[in-house]
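Undergrad: Let me begin by handing over the structure; questions about it come next.
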2 protein chains.
Amino acid sequence: MRLDETHDPALQSWVESAHEPACDFPIQNLPFGIFKRKGQKEPARGGVAIGDQIFDLAALGVRTGATLNGLAAMGRSAARKLRRELSRALSLKSRQRKRLQKYLVPIRQAELFLPVAIGDYSDFYTGIHHATNVGRLLRPDNPLLPNYKWVPIGYHGRGSSIVVSGTALRRPIGQIKPADAPAPAYAPSRRLDYEAELGFIAGTGNRLGRPIPIGTALDHVFGAVLLNDWSARDLQAWEYQPLGPFLAKSFATTISPWIVTMDALEPYRCAAFTRAADDPKPLPYLFAEDDQREGGLAIEVEMWLCTAKMKSAVHLSHGNFRDSYWTLAQLVAHQSSNGCNLQPGDLLGSGTISGTTSDSLGSLMELTLGGKQPLQLANGESRAFLDDGDEVIQRGRCAREGYATIGFGEASGRILPAVTK
Amino acid sequence: MRLDETHDPALQSWVESAHEPACDFPIQNLPFGIFKRKGQKEPARGGVAIGDQIFDLAALGVRTGATLNGLAAMGRSAARKLRRELSRALSLKSRQRKRLQKYLVPIRQAELFLPVAIGDYSDFYTGIHHATNVGRLLRPDNPLLPNYKWVPIGYHGRGSSIVVSGTALRRPIGQIKPADAPAPAYAPSRRLDYEAELGFIAGTGNRLGRPIPIGTALDHVFGAVLLNDWSARDLQAWEYQPLGPFLAKSFATTISPWIVTMDALEPYRCAAFTRAADDPKPLPYLFAEDDQREGGLAIEVEMWLCTAKMKSAVHLSHGNFRDSYWTLAQLVAHQSSNGCNLQPGDLLGSGTISGTTSDSLGSLMELTLGGKQPLQLANGESRAFLDDGDEVIQRGRCAREGYATIGFGEASGRILPAVTK
């Protein structure tokens with residue numbers, strides 16, 4: 001862990017809402033986003049969340065423009081320097097409070113945008129419990145394929161349809177072929193699901209042809225967001241052989257607006273997932289002592305559901321990225337191991353984060369055993385998959401004894417009916 | 001076909017090299033690209049190829065900037081209008097010849113760039129002969145999967161590693177597990193291959209959630225380029241289950257620098273692929289009478305090989321996109337059928353274009369039966385897969401009785417040795 005004064009749990013801000021007990025954005029967090037004031041003709045620009053406010057980076061003379069790609073490209077040490085400046089400016093001890101007050105905008109009065117222009121989006125499959133759960137539905141005796149414990153399995157996702165939290169999404173239409181039907185039909189998905197993931201935003205890139213060694217992999221990551229990889233299971237089942245998921249996923253992916261930086265995450269680093277005794281050791285390009293010791297990230301990810309009939313959301317599950325079979329550094333090293341270039345703003349998804357208990361399953365596919373055992377909700381409704389009008393809300397949090405608790409805000413999306421003409 | 005005076009085969013240009021018999025760029029073509037003069041400090045900008053020259057679009061007051069995305073976004077009618085202006089300006093009858101002469105730059109003195117900033121790249125699998133050939137290597141009795149004739153199979157590709165013709169590429173390193181080995185090793189690919197494809201560049205996009213109907217699908221395409229989907233077969237075999245190709249493809253994809261517009265391609269439209277009598281009819285969202293009648297594109301794609309020991313390249317194969325099982329309009333309609341949004345500059349790959357004869361196979365995988373029957377080259381060398389120093393050169397052409405023959409230029413790349421430390 002590389003801790004400094006910005007992580008001091010005793011640190012307080014002159015922004016009072018930052019001290020509320022359940023606040024996602026205490027002064028120890030300082031996540032970056034892109035905002036503008038609602039209803040104002042003004043350019044979108046960078047800010048940090050503090051309490052229930054956004055602090056405009058212009059206060060420190062930082063002009064990001066309408067995306068944070070430039071800031072991400074500057075690398076870890078620049079991000080760390082800016083974090084320290086922000087921490088000082090917003091701390092209770094700051095002498096600039098009076099001057100800075102006018103750079104606060106209440107989050108409720110702001111419109112939030114995608115924080116970066118995402119070039120490439122890759123989605124991994126690092127949740128071994130998820131991979132086992134889903135594999136078991138298809139292959140009860142042999143749920144994990146032989147490559148799983150060797151290769152950080154991933155695939156390329158669609159960048160254009162990544163949307164920021166709060167964007168409603170249309171139920172997708174696509175080819176569906178029930179097992180007993182002679183032919184597929186083009187119809188609205190009846191097995192619409194979510195997947196609880198994290199997304200990691202690339203910082204400094206690498207040159208094409210030059211892999212990133214695992215030892216410096218985290219220098220190429222700017223920070224993390226919540227990610228909901230909406231999935232149409234019926235489209236996926238019919239289309240995915242032999243080239244993988246395509247239209248089953250490309251209709252929408254939701255991310256949260258606030259990038260929690262790698263520096264903010266330092267206190268919550270933990271040991272990598274403990275492999276079973278007979279699991280293979282990672283190949284050398286995926287192995288570093290440091291990474292095994294503290295390359296894990298203890299980030300809890302919760303899913304909530306609010307149906308059209310509900311007044312408030314109900315809790316569905318919570319998983320933790322510390323259960324990821326592969327560390328973030330391993331994902332970055334693997335992604336670039338063939339020479340593939342990362343560019344600032346690229347997005348790497350974790351894959352669905354599921355644990356081993358029934359309340360830690362990160363998709364309805366798992367929670368309902370492929371739809372066979374619908375969820376019984378407290379208000380009497382039940383769900384095998386998502387209905388129109390359902391809102392799925394993802395939340396994330398890092399907590400550790402002796403440190404501040406920091407949050408990710410929300411990644412939410414409500415399902416609109418399919419457009420059938 | 002929507003032909004106009006720009007397609008007149010009798011039309012001649014005052015640029016004399018445009019009349020050379022084997023010239024790819026007669027006045028009937030007018031493909032767009034991005035260039036600057038070599039060794040000059042000047043901005044990259046848009047031009048059209050004519051004969052052995054580039055005609056700077058600034059001559060007509062068109063300032064594209066360093067990519068053609070803006071031009072692509074303007075749509076088919078704007079592109080057609082500009083094409084007519086260019087055709088008039090460059091025709092032998094033009095009265096502006098003297099003024100325009102100074103806007104010519106010889107192609108040999110120019111540096112060519114990626115013509116568009118590519119947002120998302122999808123790669124399809126429309127070559128039924130290729131899919132059958134490759135499938136037969138894996139499943140001799142059942143080469144095509146049940147979804148193939150219903151779904152235009154595709155997957156998301158990597159955008160960041162798309163390079164323009166002439167860019168050398170590093171042999172990728174990755175996990176390889178021979179069938180008889182107990183464990184994989186991280187090593188340079190020994191089964192490096194190419195794939196002969198076409199790429200289609202999106203023009204006007206669609207809104208997220210709003211599919212593009214097949215009837216207007218071609219209004220969303222700006223033009224076509226050659227595309228070589230370099231593939232590491234050994235990496236692919238080990239990694240691709242269950243989510244599809246990932247690092248086996250993401251180390252490099254080469255495209256040609258000149259975008260042959262949809263208008264230039266009008267004379268070479270042809271009937272869609274003739275389905276076998278027992279093949280299913282396309283589902284309604286993939287079916288249009290017009291598209292069946294003239295949605296095919298007769299574009300020949302050739303592959304050539306020049307090893308380090310050769311003085312000139314040898315011909316490997318030639319296929320034709322008219323053999324594609326799915327039309328371009330079907331690809332666009334399918335890609336957006338779930339509401340996924342296309343953006344100007346997005347790239348859609350055709351998949352490997354192979355025919356039924358032994359000289360029409362668009363990959364070494366097919367030409368050598370998975371490496372089992374190496375190619376015997378005229379100079380005494382042989383190749384199961386590509387060696388370091390090999391250059392693969394792709395060419396493309398449209399020819400039709402009564403019309404000019406137009407070409408695509410080249411998409412070439414030479415293999416550099418792997419960087420192993």
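Ligands are numbered from 1 in the order shown, chains are lettered A, B, ... in the order of the structure tokens, and residues start at 1 in each chain.
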Provide as an NGL selection string the residues of chain A at most 7 Å from chain B, counting only C-alpha atoms.

TA: :A and (119-120 or 147 or 151 or 153-161 or 170 or 172-174 or 208-209 or 238-239 or 242-247 or 250-251 or 337-341)

Undergrad: Tell me, which residues of range 158-318 of chain B carry DSSP alpha helix (DSSP H), written as an MDAnalysis selection string?

TA: chainID B and resid 233:239 289:294

Undergrad: If you run DSSP on the backbone, which residues of range 71-252 of chain B are strand (DSSP E or B), as number ranges by chain?

TA: B: 91, 104-106, 110-113, 121-124, 127, 154-157, 162-164, 169-170, 173-176, 185-188, 192-193, 196-202, 221-228, 231-232

Undergrad: Which polymer residues have any atom within 9 Å of an atom of range 17-31 of chain A, counting only C-alpha atoms, with same-chain residues fewer than 2 positions away left out, as a compact mmCIF listing (two decimals) with all heavy atoms, in the first residue's frame?

TA:
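Now in around-v9.txt:
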# COMPACT_ATOMS: atom_id res chain seq x y z
N THR A 6 -3.55 11.87 2.33
CA THR A 6 -4.91 11.93 1.77
C THR A 6 -5.77 10.77 2.26
O THR A 6 -6.99 10.81 2.14
CB THR A 6 -4.90 11.88 0.23
OG1 THR A 6 -4.39 10.61 -0.21
CG2 THR A 6 -4.04 12.99 -0.36
N HIS A 7 -5.13 9.72 2.79
CA HIS A 7 -5.87 8.56 3.28
C HIS A 7 -6.16 8.61 4.79
O HIS A 7 -6.84 7.73 5.31
CB HIS A 7 -5.10 7.28 2.97
CG HIS A 7 -4.83 7.06 1.50
ND1 HIS A 7 -3.62 7.34 0.94
CD2 HIS A 7 -5.62 6.64 0.49
CE1 HIS A 7 -3.67 7.08 -0.37
NE2 HIS A 7 -4.87 6.66 -0.66
N ASP A 8 -5.63 9.61 5.45
CA ASP A 8 -5.79 9.73 6.90
C ASP A 8 -7.27 9.71 7.28
O ASP A 8 -8.03 10.60 6.88
CB ASP A 8 -5.12 11.05 7.35
CG ASP A 8 -5.23 11.27 8.85
OD1 ASP A 8 -5.89 10.47 9.54
OD2 ASP A 8 -4.63 12.26 9.32
N PRO A 9 -7.70 8.73 8.05
CA PRO A 9 -9.13 8.63 8.36
C PRO A 9 -9.62 9.80 9.22
O PRO A 9 -10.83 10.05 9.27
CB PRO A 9 -9.26 7.29 9.11
CG PRO A 9 -7.88 6.99 9.60
CD PRO A 9 -6.92 7.62 8.64
N LEU A 11 -8.91 12.87 8.66
CA LEU A 11 -9.00 14.07 7.83
C LEU A 11 -10.45 14.49 7.65
O LEU A 11 -11.32 13.66 7.40
CB LEU A 11 -8.37 13.76 6.46
CG LEU A 11 -7.99 14.92 5.56
CD1 LEU A 11 -6.90 15.77 6.21
CD2 LEU A 11 -7.50 14.38 4.21
N GLN A 12 -10.70 15.78 7.82
CA GLN A 12 -12.07 16.28 7.65
C GLN A 12 -12.10 17.39 6.62
O GLN A 12 -11.10 18.05 6.37
CB GLN A 12 -12.60 16.79 8.98
CG GLN A 12 -12.72 15.66 10.00
CD GLN A 12 -13.79 15.94 11.01
OE1 GLN A 12 -13.86 17.02 11.59
NE2 GLN A 12 -14.67 14.97 11.23
N SER A 13 -13.27 17.57 6.03
CA SER A 13 -13.45 18.59 5.00
C SER A 13 -14.32 19.72 5.50
O SER A 13 -15.17 19.52 6.37
CB SER A 13 -14.11 17.98 3.77
OG SER A 13 -14.41 18.99 2.82
N TRP A 14 -14.13 20.89 4.95
CA TRP A 14 -15.04 21.99 5.26
C TRP A 14 -16.38 21.83 4.54
O TRP A 14 -17.34 22.56 4.81
CB TRP A 14 -14.42 23.34 4.97
CG TRP A 14 -13.79 23.52 3.60
CD1 TRP A 14 -12.47 23.36 3.28
CD2 TRP A 14 -14.44 23.92 2.39
NE1 TRP A 14 -12.26 23.63 1.95
CE2 TRP A 14 -13.45 23.99 1.37
CE3 TRP A 14 -15.76 24.25 2.06
CZ2 TRP A 14 -13.74 24.35 0.05
CZ3 TRP A 14 -16.04 24.62 0.75
CH2 TRP A 14 -15.04 24.66 -0.23
N VAL A 15 -16.48 20.87 3.64
CA VAL A 15 -17.78 20.56 3.03
C VAL A 15 -18.48 19.60 4.00
O VAL A 15 -18.11 18.43 4.11
CB VAL A 15 -17.62 19.91 1.64
CG1 VAL A 15 -18.99 19.60 1.03
CG2 VAL A 15 -16.81 20.81 0.72
N GLY A 33 -15.29 13.07 -12.10
CA GLY A 33 -16.39 12.90 -13.03
C GLY A 33 -16.51 14.09 -13.95
O GLY A 33 -15.73 15.06 -13.84
N GLY A 47 -14.86 17.47 -12.45
CA GLY A 47 -15.01 17.82 -11.06
C GLY A 47 -14.75 16.61 -10.17
O GLY A 47 -14.61 15.50 -10.68
N VAL A 48 -14.66 16.86 -8.86
CA VAL A 48 -14.60 15.73 -7.92
C VAL A 48 -15.81 15.79 -7.01
O VAL A 48 -16.26 16.87 -6.63
CB VAL A 48 -13.33 15.72 -7.04
CG1 VAL A 48 -12.10 15.36 -7.83
CG2 VAL A 48 -13.14 17.03 -6.31
N ALA A 49 -16.29 14.59 -6.64
CA ALA A 49 -17.41 14.52 -5.72
C ALA A 49 -16.88 14.64 -4.30
O ALA A 49 -15.90 13.99 -3.93
CB ALA A 49 -18.15 13.20 -5.91
N ILE A 50 -17.55 15.48 -3.51
CA ILE A 50 -17.20 15.64 -2.09
C ILE A 50 -18.52 15.85 -1.34
O ILE A 50 -19.23 16.82 -1.61
CB ILE A 50 -16.20 16.81 -1.88
CG1 ILE A 50 -15.92 17.04 -0.39
CG2 ILE A 50 -16.65 18.09 -2.55
CD1 ILE A 50 -14.82 16.16 0.14
N GLY A 51 -18.84 14.89 -0.47
CA GLY A 51 -20.14 14.96 0.20
C GLY A 51 -21.25 14.91 -0.84
O GLY A 51 -21.23 14.07 -1.74
N ASP A 52 -22.20 15.85 -0.73
CA ASP A 52 -23.27 15.89 -1.73
C ASP A 52 -22.99 16.97 -2.78
O ASP A 52 -23.91 17.46 -3.44
CB ASP A 52 -24.63 16.08 -1.07
CG ASP A 52 -24.72 17.37 -0.26
OD1 ASP A 52 -23.78 18.19 -0.33
OD2 ASP A 52 -25.73 17.55 0.45
N GLN A 53 -21.74 17.35 -2.93
CA GLN A 53 -21.35 18.43 -3.83
C GLN A 53 -20.36 17.95 -4.88
O GLN A 53 -19.71 16.91 -4.71
CB GLN A 53 -20.66 19.55 -3.02
CG GLN A 53 -21.46 20.09 -1.85
CD GLN A 53 -22.61 20.96 -2.31
OE1 GLN A 53 -22.43 21.83 -3.15
NE2 GLN A 53 -23.80 20.73 -1.77
N ARG A 83 -4.62 14.77 -6.65
CA ARG A 83 -5.37 14.30 -5.48
C ARG A 83 -4.90 15.00 -4.21
O ARG A 83 -5.71 15.41 -3.37
CB ARG A 83 -5.19 12.78 -5.36
CG ARG A 83 -5.78 12.17 -4.10
CD ARG A 83 -5.55 10.65 -4.09
NE ARG A 83 -5.82 10.09 -2.78
CZ ARG A 83 -7.05 9.80 -2.33
NH1 ARG A 83 -8.09 9.99 -3.12
NH2 ARG A 83 -7.23 9.31 -1.12
N LEU A 86 -6.16 18.54 -4.17
CA LEU A 86 -7.60 18.58 -3.89
C LEU A 86 -7.85 18.32 -2.41
O LEU A 86 -8.70 18.97 -1.78
CB LEU A 86 -8.32 17.53 -4.74
CG LEU A 86 -8.46 17.90 -6.21
CD1 LEU A 86 -8.80 16.66 -7.05
CD2 LEU A 86 -9.56 18.96 -6.39
N SER A 87 -7.12 17.36 -1.87
CA SER A 87 -7.29 17.01 -0.46
C SER A 87 -6.96 18.22 0.42
O SER A 87 -7.71 18.54 1.36
CB SER A 87 -6.38 15.82 -0.13
OG SER A 87 -6.49 15.47 1.22
N LEU A 90 -9.69 21.01 0.04
CA LEU A 90 -11.00 20.70 0.61
C LEU A 90 -10.95 20.37 2.09
O LEU A 90 -11.98 20.15 2.72
CB LEU A 90 -11.65 19.55 -0.18
CG LEU A 90 -12.06 19.93 -1.61
CD1 LEU A 90 -12.37 18.68 -2.43
CD2 LEU A 90 -13.28 20.86 -1.58
N SER A 91 -9.75 20.34 2.66
CA SER A 91 -9.65 19.95 4.06
C SER A 91 -10.08 21.11 4.96
O SER A 91 -10.02 22.28 4.58
CB SER A 91 -8.24 19.48 4.39
OG SER A 91 -7.52 20.50 5.04
N GLY A 223 -8.55 4.43 -12.71
CA GLY A 223 -9.47 4.20 -11.60
C GLY A 223 -10.57 3.24 -11.95
O GLY A 223 -10.53 2.59 -13.01
N TRP A 258 -18.67 8.34 -11.50
CA TRP A 258 -17.51 8.77 -10.72
C TRP A 258 -16.39 7.76 -10.80
O TRP A 258 -16.57 6.60 -10.44
CB TRP A 258 -17.92 9.00 -9.26
CG TRP A 258 -18.93 10.09 -9.12
CD1 TRP A 258 -20.24 9.97 -8.80
CD2 TRP A 258 -18.68 11.49 -9.34
NE1 TRP A 258 -20.84 11.21 -8.80
CE2 TRP A 258 -19.91 12.17 -9.13
CE3 TRP A 258 -17.56 12.24 -9.70
CZ2 TRP A 258 -20.04 13.55 -9.27
CZ3 TRP A 258 -17.68 13.61 -9.84
CH2 TRP A 258 -18.91 14.25 -9.63
N ILE A 259 -15.23 8.20 -11.25
CA ILE A 259 -14.07 7.31 -11.30
C ILE A 259 -13.33 7.40 -9.97
O ILE A 259 -12.73 8.43 -9.64
CB ILE A 259 -13.12 7.70 -12.45
CG1 ILE A 259 -13.85 7.66 -13.79
CG2 ILE A 259 -11.90 6.76 -12.47
CD1 ILE A 259 -12.99 8.07 -14.98
N VAL A 260 -13.39 6.31 -9.22
CA VAL A 260 -12.64 6.22 -7.97
C VAL A 260 -11.21 5.86 -8.35
O VAL A 260 -10.96 4.83 -8.98
CB VAL A 260 -13.27 5.17 -7.03
CG1 VAL A 260 -12.45 5.03 -5.76
CG2 VAL A 260 -14.72 5.54 -6.71
N THR A 261 -10.28 6.74 -8.03
CA THR A 261 -8.91 6.55 -8.54
C THR A 261 -8.20 5.40 -7.85
O THR A 261 -8.55 4.99 -6.74
CB THR A 261 -8.07 7.83 -8.33
OG1 THR A 261 -7.96 8.08 -6.93
CG2 THR A 261 -8.69 9.02 -9.03
N ASP A 263 -5.46 5.58 -6.50
CA ASP A 263 -4.90 6.07 -5.24
C ASP A 263 -5.92 6.01 -4.12
O ASP A 263 -5.59 5.64 -3.00
CB ASP A 263 -4.35 7.49 -5.43
CG ASP A 263 -3.07 7.44 -6.24
OD1 ASP A 263 -2.15 6.71 -5.82
OD2 ASP A 263 -3.00 8.07 -7.30
N ALA A 264 -7.16 6.37 -4.44
CA ALA A 264 -8.20 6.29 -3.40
C ALA A 264 -8.39 4.84 -2.95
O ALA A 264 -8.77 4.58 -1.81
CB ALA A 264 -9.51 6.85 -3.94
N LEU A 265 -8.12 3.90 -3.85
CA LEU A 265 -8.34 2.48 -3.54
C LEU A 265 -7.19 1.82 -2.78
O LEU A 265 -7.32 0.69 -2.31
CB LEU A 265 -8.61 1.70 -4.84
CG LEU A 265 -9.92 2.04 -5.57
CD1 LEU A 265 -9.97 1.37 -6.94
CD2 LEU A 265 -11.12 1.62 -4.73
N GLY A 396 -21.50 0.44 -4.78
CA GLY A 396 -20.20 -0.15 -4.45
C GLY A 396 -19.58 0.58 -3.28
O GLY A 396 -19.87 1.76 -3.05
N ARG A 397 -18.69 -0.13 -2.57
CA ARG A 397 -18.17 0.44 -1.34
C ARG A 397 -16.88 -0.27 -0.96
O ARG A 397 -16.72 -1.47 -1.21
CB ARG A 397 -19.21 0.22 -0.22
CG ARG A 397 -18.86 0.80 1.13
CD ARG A 397 -19.87 0.39 2.19
NE ARG A 397 -21.25 0.68 1.79
CZ ARG A 397 -22.15 -0.24 1.49
NH1 ARG A 397 -21.84 -1.52 1.55
NH2 ARG A 397 -23.38 0.12 1.15
N TYR A 403 -9.84 2.71 8.54
CA TYR A 403 -9.81 3.63 7.39
C TYR A 403 -11.20 4.17 7.14
O TYR A 403 -12.19 3.59 7.63
CB TYR A 403 -9.29 2.90 6.15
CG TYR A 403 -7.85 2.52 6.29
CD1 TYR A 403 -7.49 1.29 6.85
CD2 TYR A 403 -6.83 3.40 5.92
CE1 TYR A 403 -6.16 0.95 7.04
CE2 TYR A 403 -5.50 3.07 6.10
CZ TYR A 403 -5.17 1.84 6.66
OH TYR A 403 -3.86 1.52 6.84
N ALA A 404 -11.27 5.22 6.38
CA ALA A 404 -12.57 5.76 5.99
C ALA A 404 -13.27 4.74 5.09
O ALA A 404 -12.62 3.92 4.44
CB ALA A 404 -12.39 7.07 5.23
N THR A 405 -14.60 4.79 5.07
CA THR A 405 -15.37 4.00 4.11
C THR A 405 -15.67 4.90 2.91
O THR A 405 -16.13 6.03 3.09
CB THR A 405 -16.69 3.52 4.76
OG1 THR A 405 -16.35 2.62 5.82
CG2 THR A 405 -17.56 2.80 3.74
N ILE A 406 -15.34 4.41 1.73
CA ILE A 406 -15.62 5.23 0.54
C ILE A 406 -16.58 4.47 -0.37
O ILE A 406 -16.63 3.24 -0.36
CB ILE A 406 -14.32 5.58 -0.24
CG1 ILE A 406 -13.66 4.33 -0.82
CG2 ILE A 406 -13.35 6.37 0.65
CD1 ILE A 406 -12.48 4.65 -1.74
N GLY A 407 -17.35 5.23 -1.16
CA GLY A 407 -18.35 4.60 -2.03
C GLY A 407 -18.18 4.99 -3.48
O GLY A 407 -17.39 5.88 -3.82
N PHE A 408 -18.90 4.30 -4.32
CA PHE A 408 -18.81 4.51 -5.77
C PHE A 408 -20.00 5.29 -6.33
O PHE A 408 -20.06 5.51 -7.53
CB PHE A 408 -18.73 3.15 -6.48
CG PHE A 408 -17.35 2.55 -6.47
CD1 PHE A 408 -16.78 2.09 -5.29
CD2 PHE A 408 -16.61 2.49 -7.64
CE1 PHE A 408 -15.50 1.56 -5.27
CE2 PHE A 408 -15.33 1.95 -7.63
CZ PHE A 408 -14.77 1.48 -6.45
N GLY A 409 -20.96 5.68 -5.48
CA GLY A 409 -22.19 6.24 -6.03
C GLY A 409 -23.02 5.12 -6.61
O GLY A 409 -23.01 4.01 -6.08

Undergrad: Hey, what's within 12 Å of Leu375 in chain A if we count only C-alpha atoms and toss same-chain stuff fewer than 5 positions away? As a list in words, please?

TA: Leu305, Val314, His315, Leu316, Ser317, Ser358, Asp359, Ser363, Leu364, Met365, Glu366, Leu367, Thr368, Leu369, Gly370, Gly380, Glu381, Ser382, Arg383, Ala384, Phe385 and Leu386 of chain A

Undergrad: Which residue, B:Glu391, B:Asp291, B:Glu300, B:Asp219, has the smallest gap to Ala79 in chain B when you use only C-alpha atoms?

TA: B:Asp219

Undergrad: In Å, how far is it from CA of Leu114 in chain A to CA of Pro257 in chain A?

TA: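 It comes out at 5.9 Å.
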
Undergrad: Restricting the calculation to only C-alpha atoms: of B:Glu266, B:Asp278, B:Asp193, B:Glu5, which residue gets closest to Asp234 in chain B?

TA: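 Of the candidates, the smallest distance to Asp234 in chain B is held by B:Asp193.
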
Undergrad: If we count only C-alpha atoms, what is near Gly355 in chain B at a cut-off of 7 Å, once residues fewer than 3 positions away on the same chain are taken out, given as a PDB file with N, CA and C atoms, in the first residue's frame?

TA:
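After the write, selection.pdb holds the following:
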ATOM      1  N   HIS B 129     -18.199 -20.418 -47.247  1.00  0.00           N
ATOM      2  CA  HIS B 129     -17.192 -21.410 -47.632  1.00  0.00           C
ATOM      3  C   HIS B 129     -16.073 -21.437 -46.593  1.00  0.00           C
ATOM      4  N   GLY B 319     -10.601 -14.362 -53.764  1.00  0.00           N
ATOM      5  CA  GLY B 319     -12.004 -14.656 -53.482  1.00  0.00           C
ATOM      6  C   GLY B 319     -12.864 -13.484 -53.911  1.00  0.00           C
ATOM      7  N   ASP B 323     -19.704 -13.912 -52.922  1.00  0.00           N
ATOM      8  CA  ASP B 323     -19.969 -15.215 -52.307  1.00  0.00           C
ATOM      9  C   ASP B 323     -20.352 -15.111 -50.830  1.00  0.00           C
ATOM     10  N   SER B 360      -9.124 -20.030 -54.113  1.00  0.00           N
ATOM     11  CA  SER B 360      -9.990 -18.945 -53.620  1.00  0.00           C
ATOM     12  C   SER B 360     -10.093 -18.969 -52.099  1.00  0.00           C
ATOM     13  N   LEU B 361      -9.112 -19.572 -51.436  1.00  0.00           N
ATOM     14  CA  LEU B 361      -9.186 -19.711 -49.982  1.00  0.00           C
ATOM     15  C   LEU B 361      -8.454 -18.554 -49.313  1.00  0.00           C
TER      16      LEU B 361
END
